[in-house]
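Peer 1: Provided below: my_file10.cif, containing mmCIF, C-alpha atoms and all ligand atoms.
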data_final
loop_
_atom_site.label_atom_id
_atom_site.label_comp_id
_atom_site.auth_asym_id
_atom_site.auth_seq_id
_atom_site.Cartn_x
_atom_site.Cartn_y
_atom_site.Cartn_z
CA MET A 1 -2.01 -10.34 -5.18
CA LEU A 2 -1.33 -10.15 -8.90
CA LEU A 3 1.34 -7.80 -10.11
CA ILE A 4 0.61 -6.30 -13.52
CA ARG A 5 3.27 -4.72 -15.69
CA CYS A 6 2.35 -1.16 -16.68
CA PRO A 7 4.03 -0.30 -19.99
CA TYR A 8 4.15 3.38 -19.05
CA CYS A 9 5.52 2.94 -15.53
CA GLU A 10 7.75 0.20 -16.94
CA GLU A 11 7.42 -2.05 -13.94
CA GLU A 12 5.18 -4.55 -12.17
CA ARG A 13 2.63 -2.89 -9.95
CA PRO A 14 -0.01 -4.29 -7.59
CA GLU A 15 -3.36 -5.13 -9.15
CA LEU A 16 -5.18 -2.81 -6.73
CA GLU A 17 -3.84 0.13 -8.74
CA PHE A 18 -5.50 -1.11 -11.94
CA ARG A 19 -8.96 -1.25 -13.40
CA ASN A 20 -10.24 -3.36 -16.26
CA ALA A 21 -11.70 -1.37 -19.15
CA GLY A 22 -13.21 -4.02 -21.42
CA GLU A 23 -12.10 -5.66 -24.62
CA ALA A 24 -9.33 -4.03 -26.68
CA HIS A 25 -8.97 -3.38 -30.40
CA ILE A 26 -12.59 -2.48 -31.02
CA ALA A 27 -12.45 0.33 -33.54
CA ARG A 28 -15.24 2.85 -33.79
CA ALA A 29 -16.35 3.44 -37.37
CA ALA A 30 -15.18 6.75 -38.82
CA ASP A 31 -18.73 7.52 -39.93
CA ILE A 32 -20.80 5.98 -37.16
CA ALA A 33 -24.07 7.39 -38.55
CA ALA A 34 -23.69 5.32 -41.71
CA VAL A 35 -23.30 2.04 -39.83
CA SER A 36 -26.22 -0.39 -40.07
CA ASP A 37 -28.11 -1.37 -36.93
CA GLU A 38 -26.68 -4.87 -37.10
CA ASP A 39 -23.11 -3.62 -37.39
CA PHE A 40 -23.64 -1.10 -34.64
CA GLU A 41 -24.95 -3.81 -32.36
CA LYS A 42 -21.80 -5.83 -33.07
CA PHE A 43 -19.57 -2.84 -32.39
CA PHE A 44 -21.39 -1.68 -29.30
CA PHE A 45 -22.59 -4.79 -27.50
CA ILE A 46 -21.05 -7.97 -28.83
CA ARG A 47 -17.78 -9.07 -27.22
CA SER A 48 -15.72 -12.14 -27.90
CA ASN A 49 -15.73 -13.47 -24.30
CA PRO A 50 -13.31 -16.29 -25.06
CA LYS A 51 -12.14 -19.08 -22.83
CA GLY A 52 -8.41 -18.55 -23.07
CA ILE A 53 -6.45 -15.64 -24.49
CA ILE A 54 -8.22 -12.29 -24.49
CA TYR A 55 -7.05 -8.81 -25.52
CA GLU A 56 -8.18 -6.25 -22.99
CA ARG A 57 -7.89 -2.58 -22.15
CA TRP A 58 -6.68 -1.85 -18.67
CA ARG A 59 -6.16 1.41 -16.88
CA HIS A 60 -3.45 2.13 -14.33
CA ILE A 61 -5.99 4.34 -12.63
CA HIS A 62 -4.26 4.73 -9.26
CA GLY A 63 -0.81 5.05 -10.81
CA CYS A 64 0.06 6.87 -14.02
CA ALA A 65 -3.67 6.88 -14.95
CA ARG A 66 -2.90 5.69 -18.48
CA PHE A 67 -4.93 3.20 -20.53
CA PHE A 68 -2.96 0.33 -22.02
CA ASN A 69 -3.65 -3.08 -23.53
CA ALA A 70 -3.04 -6.50 -22.04
CA VAL A 71 -3.10 -10.07 -23.28
CA ARG A 72 -4.62 -12.19 -20.54
CA ASP A 73 -5.63 -15.80 -20.22
CA THR A 74 -9.16 -15.97 -18.86
CA VAL A 75 -8.62 -19.48 -17.53
CA THR A 76 -5.42 -18.97 -15.54
CA ASP A 77 -5.73 -15.18 -15.07
CA LYS A 78 -2.12 -14.97 -16.29
CA PHE A 79 -1.11 -11.74 -17.98
CA VAL A 80 0.81 -12.91 -21.04
CA MET A 81 1.99 -9.40 -21.85
CA THR A 82 1.02 -5.74 -21.70
CA TYR A 83 1.65 -3.04 -24.29
CA LYS A 84 0.93 0.64 -24.83
CA ALA A 85 -2.37 1.86 -26.21
CA GLY A 86 -2.18 2.38 -29.96
CA GLU A 87 0.41 -0.32 -30.51
CA PRO A 88 -0.57 -3.12 -32.91
CA LYS A 89 -2.26 -6.24 -31.67
CA PRO A 90 0.54 -8.71 -30.93
CA ASP A 91 0.67 -12.04 -32.74
CA ILE A 92 -0.24 -14.60 -30.11
CA SER A 93 1.63 -17.46 -31.78
CA LYS A 94 4.89 -15.51 -31.41
CA LEU A 95 4.02 -14.41 -27.90
CA LYS A 96 3.97 -17.84 -26.41
CA LYS A 97 7.55 -18.46 -27.42
CA GLU A 98 9.12 -15.06 -26.81
CA SER A 99 7.42 -13.20 -24.03
CA GLY A 100 8.37 -13.28 -20.42
CA PRO A 101 5.91 -13.09 -17.58
CA ALA A 102 3.88 -9.94 -17.32
CA ALA A 103 2.86 -10.78 -13.81
CA TYR A 104 4.54 -11.55 -10.57
CA ALA A 105 3.93 -15.27 -10.32
CA ASN A 106 6.69 -16.30 -12.69
CA ARG A 107 9.46 -14.09 -11.46
CA PRO A 108 11.59 -14.52 -8.33
CA PRO A 109 11.05 -11.75 -5.77
CA ASP A 110 14.64 -10.51 -5.99
CA GLN A 111 14.18 -9.78 -9.69
CA LEU A 112 11.08 -7.65 -9.30
CA ASN A 113 11.31 -3.94 -10.01
CA VAL A 114 15.07 -3.75 -10.00
CA LYS A 115 16.70 -1.96 -12.89
CA LYS A 116 18.77 -4.91 -14.05
CA PRO A 117 17.22 -8.28 -13.35
CA ALA A 118 19.69 -10.91 -12.27
CA ALA A 119 18.68 -13.09 -15.20
CA LYS A 120 16.88 -12.35 -18.43
CA ARG A 121 13.19 -12.96 -18.44
CA ALA A 122 13.13 -15.53 -21.20
CA PRO A 123 14.36 -18.57 -19.27
CA ALA A 124 11.79 -18.03 -16.52
CA SER A 125 8.98 -18.32 -19.04
CA LYS A 126 9.84 -21.81 -20.25
CA GLY A 127 6.94 -24.13 -20.01
CA ASP A 128 4.42 -21.34 -19.65
CA ALA A 129 1.04 -21.87 -21.16
CA MET B 130 -29.98 55.83 14.85
CA ALA B 131 -26.52 55.02 16.00
CA LYS B 132 -24.04 54.10 13.37
CA ALA B 133 -23.27 50.42 13.33
CA ALA B 134 -19.59 49.67 13.51
CA VAL B 135 -18.27 48.47 10.15
CA LYS B 136 -17.24 44.91 10.41
CA THR B 137 -14.87 43.39 7.94
CA ALA B 138 -14.36 39.69 7.72
CA THR B 139 -10.92 38.41 6.92
CA ALA B 140 -10.70 34.95 5.45
CA ALA B 141 -8.47 32.82 7.61
CA ARG B 142 -6.93 29.65 6.25
CA ALA B 143 -8.03 26.61 8.20
CA PRO B 144 -5.75 23.76 7.22
CA ALA B 145 -7.04 20.26 7.83
CA LEU B 146 -5.52 18.53 10.86
CA ALA B 147 -3.12 21.43 11.42
CA GLY B 148 -0.40 20.66 13.89
CA ARG B 149 -1.46 17.07 14.45
CA ASP B 150 1.24 14.52 14.96
CA PHE B 151 1.63 11.02 16.30
CA SER B 152 4.57 9.00 17.51
CA ALA B 153 5.11 5.33 17.97
CA THR B 154 8.27 3.30 18.43
CA GLY B 155 10.33 3.73 15.29
CA VAL B 156 7.95 5.99 13.40
CA LYS B 157 6.69 9.55 13.64
CA LEU B 158 3.75 11.08 11.79
CA ALA B 159 3.24 14.79 11.28
CA VAL B 160 0.87 16.94 9.27
CA LEU B 161 2.94 19.21 7.06
CA ALA B 162 2.47 22.95 6.72
CA PRO B 163 0.33 24.23 3.83
CA ALA B 164 2.20 24.40 0.51
CA GLU B 165 1.57 25.66 -3.01
CA ARG B 166 0.78 22.88 -5.44
CA ILE B 167 -0.12 22.56 -9.08
CA SER B 168 -1.29 19.70 -11.19
CA LEU B 169 0.60 20.03 -14.45
CA ARG B 170 -0.22 18.31 -17.76
CA ALA B 171 1.97 18.90 -20.79
CA PRO B 172 3.22 17.11 -23.92
CA ALA B 173 6.93 16.31 -24.31
CA ALA B 174 7.50 19.37 -26.51
CA SER B 175 6.53 21.75 -23.69
CA VAL B 176 8.61 20.17 -20.94
CA ALA B 177 11.76 22.24 -21.54
CA ALA B 178 9.94 25.58 -21.44
CA LEU B 179 7.97 24.61 -18.33
CA SER B 180 11.10 23.34 -16.58
CA LYS B 181 12.79 26.67 -17.24
CA ALA B 182 9.82 28.66 -15.95
CA LEU B 183 9.47 26.54 -12.83
CA GLY B 184 13.19 26.46 -12.09
CA VAL B 185 13.12 22.71 -11.64
CA THR B 186 13.65 20.14 -14.38
CA LEU B 187 10.47 18.11 -14.84
CA PRO B 188 11.51 14.44 -14.58
CA LYS B 189 10.75 12.25 -17.59
CA ALA B 190 11.42 8.84 -16.07
CA PRO B 191 8.63 6.95 -14.29
CA LYS B 192 8.58 7.05 -10.50
CA THR B 193 11.16 9.86 -10.24
CA SER B 194 11.11 13.39 -8.85
CA ALA B 195 13.30 16.47 -9.05
CA SER B 196 13.79 19.04 -6.35
CA LYS B 197 15.35 22.49 -6.23
CA ASP B 198 15.11 25.36 -3.75
CA GLY B 199 12.08 24.06 -1.90
CA ARG B 200 10.17 23.13 -5.04
CA THR B 201 9.62 19.50 -6.00
CA ALA B 202 8.28 18.12 -9.29
CA LEU B 203 6.87 14.60 -9.04
CA TRP B 204 6.34 12.40 -12.11
CA LEU B 205 2.82 11.02 -11.93
CA GLY B 206 2.32 9.93 -15.53
CA PRO B 207 3.91 10.29 -18.98
CA ASP B 208 2.48 13.82 -19.33
CA GLU B 209 1.51 14.61 -15.76
CA TRP B 210 3.35 16.11 -12.80
CA LEU B 211 2.54 17.30 -9.31
CA VAL B 212 4.59 20.36 -8.39
CA ILE B 213 4.87 21.19 -4.68
CA ASP B 214 6.38 24.48 -3.55
CA GLU B 215 7.23 24.78 0.14
CA ALA B 216 9.33 27.93 -0.15
CA GLY B 217 6.46 30.39 -0.60
CA GLY B 218 6.77 30.58 -4.38
CA ASP B 219 3.84 30.47 -6.77
CA PRO B 220 4.29 27.75 -9.40
CA LEU B 221 0.94 28.60 -10.98
CA ALA B 222 2.11 32.14 -11.70
CA ASP B 223 5.43 30.82 -12.99
CA CYS B 224 3.62 28.66 -15.54
CA ALA B 225 1.25 31.42 -16.58
CA GLY B 226 3.86 33.04 -18.80
CA VAL B 227 4.74 29.87 -20.66
CA LYS B 228 3.42 29.93 -24.22
CA ALA B 229 4.03 26.23 -24.90
CA LEU B 230 0.93 24.05 -24.66
CA HIS B 231 0.20 22.99 -21.10
CA SER B 232 -2.44 22.84 -18.42
CA ALA B 233 -1.57 24.02 -14.91
CA VAL B 234 -4.25 23.78 -12.25
CA GLY B 235 -3.77 25.09 -8.73
CA VAL B 236 -4.47 22.30 -6.22
CA SER B 237 -2.82 23.82 -3.14
CA HIS B 238 -5.91 23.46 -0.98
CA ARG B 239 -6.95 20.14 -2.43
CA ASN B 240 -4.11 18.20 -0.83
CA VAL B 241 -2.89 17.62 2.68
CA GLY B 242 0.71 16.54 3.16
CA PHE B 243 1.97 14.19 5.85
CA SER B 244 5.47 13.20 6.81
CA VAL B 245 6.15 9.64 7.88
CA THR B 246 9.63 9.29 9.34
CA GLY B 247 11.69 6.78 11.22
CA PRO B 248 13.07 3.27 10.72
CA ALA B 249 9.53 1.83 10.58
CA ALA B 250 8.24 4.41 8.07
CA ALA B 251 8.14 2.01 5.13
CA ALA B 252 6.45 -0.67 7.23
CA THR B 253 3.85 1.86 8.33
CA LEU B 254 2.99 2.82 4.75
CA ASN B 255 3.02 -0.79 3.64
CA ALA B 256 0.16 -1.45 6.04
CA GLY B 257 -2.06 0.08 3.37
CA CYS B 258 0.15 0.53 0.32
CA PRO B 259 0.82 -2.59 -1.75
CA GLN B 260 3.90 -1.23 -3.53
CA ASP B 261 7.42 -2.47 -2.92
CA LEU B 262 8.91 0.30 -0.75
CA SER B 263 12.33 -1.31 -0.27
CA LEU B 264 15.26 0.97 -1.06
CA ALA B 265 16.13 -1.12 -4.11
CA ALA B 266 12.72 -0.64 -5.72
CA PHE B 267 11.78 2.71 -4.22
CA PRO B 268 14.98 4.72 -3.66
CA VAL B 269 15.28 8.21 -2.18
CA GLY B 270 13.57 10.62 -4.57
CA ALA B 271 11.21 7.98 -5.94
CA CYS B 272 7.57 8.98 -6.04
CA SER B 273 4.35 7.40 -7.12
CA ARG B 274 0.63 7.82 -7.15
CA THR B 275 -0.71 4.71 -5.46
CA ILE B 276 -3.21 3.68 -2.83
CA LEU B 277 -3.29 3.63 0.97
CA GLY B 278 -6.07 1.45 2.27
CA LYS B 279 -9.17 2.74 0.49
CA ILE B 280 -7.81 6.03 -0.78
CA GLU B 281 -5.53 7.30 -3.51
CA VAL B 282 -2.32 8.95 -2.33
CA VAL B 283 0.97 10.22 -3.70
CA ILE B 284 4.08 8.98 -1.93
CA LEU B 285 7.52 10.57 -2.17
CA ARG B 286 10.58 9.14 -0.46
CA THR B 287 12.47 12.15 0.89
CA ALA B 288 15.17 10.20 2.73
CA GLU B 289 16.04 6.58 3.44
CA ASP B 290 13.66 6.52 6.38
CA ALA B 291 11.35 9.41 5.49
CA PHE B 292 8.34 9.73 3.21
CA ARG B 293 6.02 12.53 2.23
CA LEU B 294 2.45 11.42 1.69
CA GLU B 295 -0.12 13.57 -0.08
CA CYS B 296 -3.83 12.86 -0.06
CA TRP B 297 -6.94 14.80 -0.87
CA ARG B 298 -8.16 17.02 1.95
CA SER B 299 -11.45 15.24 2.55
CA PHE B 300 -9.55 11.96 2.92
CA SER B 301 -7.02 13.37 5.39
CA ASP B 302 -8.90 12.21 8.49
CA TYR B 303 -8.97 8.68 7.11
CA ALA B 304 -5.30 8.83 6.11
CA PHE B 305 -4.17 10.10 9.50
CA ALA B 306 -6.23 7.57 11.43
CA PHE B 307 -5.04 4.78 9.15
CA LEU B 308 -1.39 5.79 9.49
CA SER B 309 -1.67 6.19 13.27
CA GLN B 310 -2.97 2.65 13.64
CA ALA B 311 -0.40 1.37 11.14
CA ALA B 312 2.37 3.09 13.11
CA VAL B 313 1.34 1.27 16.28
CA ASP B 314 1.24 -2.02 14.38
CA ALA B 315 4.60 -1.36 12.69
CA ALA B 316 6.18 -0.61 16.05
CA ALA B 317 4.88 -3.82 17.58
ZN ZN C 401 1.40 3.10 -14.99
#
Translate the structure described by the file into structure tokens.
Ligand SMILES: [Zn+2]
Peer 2:
Amino acid sequence: MLLIRCPYCEEERPELEFRNAGEAHIARAADIAAVSDEDFEKFFFIRSNPKGIIYERWRHIHGCARFFNAVRDTVTDKFVMTYKAGEPKPDISKLKKESGPAAYANRPPDQLNVKKPAAKRAPASKGDA
Amino acid sequence: MAKAAVKTATAARAPALAGRDFSATGVKLAVLAPAERISLRAPAASVAALSKALGVTLPKAPKTSASKDGRTALWLGPDEWLVIDEAGGDPLADCAGVKALHSAVGVSHRNVGFSVTGPAAAATLNAGCPQDLSLAAFPVGACSRTILGKIEVVILRTAEDAFRLECWRSFSDYAFAFLSQAAVDAAA
């Protein structure tokens, strides 16, 4: 089972507590009535659907119930990072160097969900895609 | 015509699964007595006033609870708490006088509480709950909304080997049956 880090609960939690809520950072126009049909179609229906890194909304529905954003790789299913709703879209080029794992797979079991991890997260992320 | 005797009906509370319990080696399940409960939503600015009115400090850290005089406040989300009163108080009435912005909804009858106690309590819950319930990750006083099998539950660790589990009333049959089977498996 995947563990996903909830930025509100501040820890890794089992994927069963979460629900995907579609692509993130899609802003609704302030005056939606003035939007052309073509632009509305883009806003409403068209999604990027990339092979690789995607920015998504997720909801910790069976936990704190909060919506948050996640950067996920659609090929490996790896959560690169998660961040609170409303926070700016992270720069992916920086992410690859700095971020630690957002999911369970890259962290030893004895470092999960303890207040002070035995080692910092950075070294564990070396060589991550 | 003879006068018909006046009949008055008195509403009697019929708690779900009242008095049910179950024991297996190393773990004991019991259905807890009815309690007063509220679902409380409030922004950070209202927390102090609500804490004062309720007589228990609403916890601000994830996965924590606070308890005082039979009343427990469980952190469920950044602006959401479940308050359980087992001492006969009325948390809904206590919040009614608070002027600070908040939403308090009485959910006393919505939930059924179970106790799961004994050395195999964590193993019993883990049969259907995917969270890490070790003492390091889930210490005494820790609480969380999570899942048990197919249903959503709230779990509170009341002691090293004791948990309180809250689920919605209509799911209580499922929860009890699930836990009973899990208790047998955990004991094996
Ligand atoms: Zn959460």
Peer 1: Please determine, counting all atoms listed in the file, which residue among B:Ser301, B:Ser168, B:Ser263, B:Thr186 has the shortest atom-to-atom distance to chain A.
Peer 2: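 For chain A, the nearest of the given residues is B:Ser263.
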Peer 1: Please extract the residues at most 10 Å from ligand ZN 401 (chain C), counting only C-alpha atoms and all ligand atoms, and provide them as a ChimeraX atom specification, using the chain letters and residue numbers of this document.
Peer 2: /A:4-13,17-18,59-68 /B:191-192,205-207,273-275
Peer 1: I need the chosen residues saved as a PDB file, in the frame of the given file, with C-alpha atoms.
Peer 2:
ATOM      1  CA  ILE A   4       0.610  -6.300 -13.520  1.00  0.00           C
ATOM      2  CA  ARG A   5       3.270  -4.720 -15.690  1.00  0.00           C
ATOM      3  CA  CYS A   6       2.350  -1.160 -16.680  1.00  0.00           C
ATOM      4  CA  PRO A   7       4.030  -0.300 -19.990  1.00  0.00           C
ATOM      5  CA  TYR A   8       4.150   3.380 -19.050  1.00  0.00           C
ATOM      6  CA  CYS A   9       5.520   2.940 -15.530  1.00  0.00           C
ATOM      7  CA  GLU A  10       7.750   0.200 -16.940  1.00  0.00           C
ATOM      8  CA  GLU A  11       7.420  -2.050 -13.940  1.00  0.00           C
ATOM      9  CA  GLU A  12       5.180  -4.550 -12.170  1.00  0.00           C
ATOM     10  CA  ARG A  13       2.630  -2.890  -9.950  1.00  0.00           C
ATOM     11  CA  GLU A  17      -3.840   0.130  -8.740  1.00  0.00           C
ATOM     12  CA  PHE A  18      -5.500  -1.110 -11.940  1.00  0.00           C
ATOM     13  CA  ARG A  59      -6.160   1.410 -16.880  1.00  0.00           C
ATOM     14  CA  HIS A  60      -3.450   2.130 -14.330  1.00  0.00           C
ATOM     15  CA  ILE A  61      -5.990   4.340 -12.630  1.00  0.00           C
ATOM     16  CA  HIS A  62      -4.260   4.730  -9.260  1.00  0.00           C
ATOM     17  CA  GLY A  63      -0.810   5.050 -10.810  1.00  0.00           C
ATOM     18  CA  CYS A  64       0.060   6.870 -14.020  1.00  0.00           C
ATOM     19  CA  ALA A  65      -3.670   6.880 -14.950  1.00  0.00           C
ATOM     20  CA  ARG A  66      -2.900   5.690 -18.480  1.00  0.00           C
ATOM     21  CA  PHE A  67      -4.930   3.200 -20.530  1.00  0.00           C
ATOM     22  CA  PHE A  68      -2.960   0.330 -22.020  1.00  0.00           C
TER      23      PHE A  68
ATOM     24  CA  PRO B 191       8.630   6.950 -14.290  1.00  0.00           C
ATOM     25  CA  LYS B 192       8.580   7.050 -10.500  1.00  0.00           C
ATOM     26  CA  LEU B 205       2.820  11.020 -11.930  1.00  0.00           C
ATOM     27  CA  GLY B 206       2.320   9.930 -15.530  1.00  0.00           C
ATOM     28  CA  PRO B 207       3.910  10.290 -18.980  1.00  0.00           C
ATOM     29  CA  SER B 273       4.350   7.400  -7.120  1.00  0.00           C
ATOM     30  CA  ARG B 274       0.630   7.820  -7.150  1.00  0.00           C
ATOM     31  CA  THR B 275      -0.710   4.710  -5.460  1.00  0.00           C
TER      32      THR B 275
END
Peer 1: Enumerate as an MDAnalysis selection string the residues belonging to chain B that approach chain A to within 12 Å, with all atoms listed in the file taken into account.
Peer 2: chainID B and resid 189:193 203:211 257:268 272:284
Peer 1: Please report the interatomic distance between CA of Val245 in chain B and CA of Asp219 in chain B in Å with one decimal.
Peer 2: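 Straight-line distance from CA of Val245 in chain B to CA of Asp219 in chain B works out to 25.6 Å.
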Peer 1: Within 8 Å of Thr253 in chain B, counting all atoms listed in the file, which residues qualify if same-chain residues fewer than 2 places away don't, as a PyMOL selection string?
Peer 2: chain B and resi 156+249-251+255-257+308+311-312+314-315
Peer 1: Skipping near chain neighbours, those fewer than 4 positions away, what residues fall within 8 Å of Tyr55 in chain A using only C-alpha atoms, listed as a VMD selection string?
Peer 2: chain A and resid 23 to 25 69 to 72
Peer 1: Rebuild range 66-79 of chain A to N, CA, C and O atoms - output it as a short mmCIF file (atom, residue, chain, number, x, y, z; two decimals), in the frame of the given file, please.
Peer 2:
data_model
loop_
_atom_site.label_atom_id
_atom_site.label_comp_id
_atom_site.auth_asym_id
_atom_site.auth_seq_id
_atom_site.Cartn_x
_atom_site.Cartn_y
_atom_site.Cartn_z
N ARG A 66 -2.85 5.94 -17.04
CA ARG A 66 -2.90 5.69 -18.48
C ARG A 66 -3.67 4.40 -18.81
O ARG A 66 -3.63 3.44 -18.05
N PHE A 67 -4.35 4.42 -19.97
CA PHE A 67 -4.93 3.20 -20.53
C PHE A 67 -3.84 2.44 -21.29
O PHE A 67 -3.00 3.06 -21.93
N PHE A 68 -3.86 1.14 -21.21
CA PHE A 68 -2.96 0.33 -22.02
C PHE A 68 -3.68 -0.97 -22.35
O PHE A 68 -4.81 -1.19 -21.94
N ASN A 69 -3.03 -1.81 -23.15
CA ASN A 69 -3.65 -3.08 -23.53
C ASN A 69 -2.91 -4.25 -22.88
O ASN A 69 -1.71 -4.17 -22.63
N ALA A 70 -3.64 -5.31 -22.65
CA ALA A 70 -3.04 -6.50 -22.04
C ALA A 70 -3.55 -7.75 -22.74
O ALA A 70 -4.67 -7.78 -23.24
N VAL A 71 -2.69 -8.75 -22.80
CA VAL A 71 -3.10 -10.07 -23.28
C VAL A 71 -3.20 -10.94 -22.04
O VAL A 71 -2.22 -11.12 -21.32
N ARG A 72 -4.39 -11.45 -21.79
CA ARG A 72 -4.62 -12.19 -20.54
C ARG A 72 -5.29 -13.51 -20.87
O ARG A 72 -6.06 -13.62 -21.82
N ASP A 73 -4.97 -14.51 -20.08
CA ASP A 73 -5.63 -15.80 -20.22
C ASP A 73 -6.79 -15.86 -19.23
O ASP A 73 -6.58 -15.74 -18.02
N THR A 74 -8.00 -16.02 -19.75
CA THR A 74 -9.16 -15.97 -18.86
C THR A 74 -9.29 -17.22 -17.99
O THR A 74 -10.05 -17.23 -17.03
N VAL A 75 -8.54 -18.26 -18.33
CA VAL A 75 -8.62 -19.48 -17.53
C VAL A 75 -7.67 -19.40 -16.34
O VAL A 75 -8.05 -19.65 -15.19
N THR A 76 -6.43 -18.99 -16.61
CA THR A 76 -5.42 -18.97 -15.54
C THR A 76 -5.28 -17.59 -14.90
O THR A 76 -4.58 -17.45 -13.90
N ASP A 77 -5.87 -16.56 -15.52
CA ASP A 77 -5.73 -15.18 -15.07
C ASP A 77 -4.30 -14.66 -15.28
O ASP A 77 -3.91 -13.64 -14.75
N LYS A 78 -3.51 -15.40 -16.04
CA LYS A 78 -2.12 -14.97 -16.29
C LYS A 78 -2.10 -13.85 -17.33
O LYS A 78 -2.74 -13.95 -18.37
N PHE A 79 -1.35 -12.79 -17.01
CA PHE A 79 -1.11 -11.74 -17.98
C PHE A 79 0.06 -12.18 -18.87
O PHE A 79 1.19 -12.26 -18.39
#
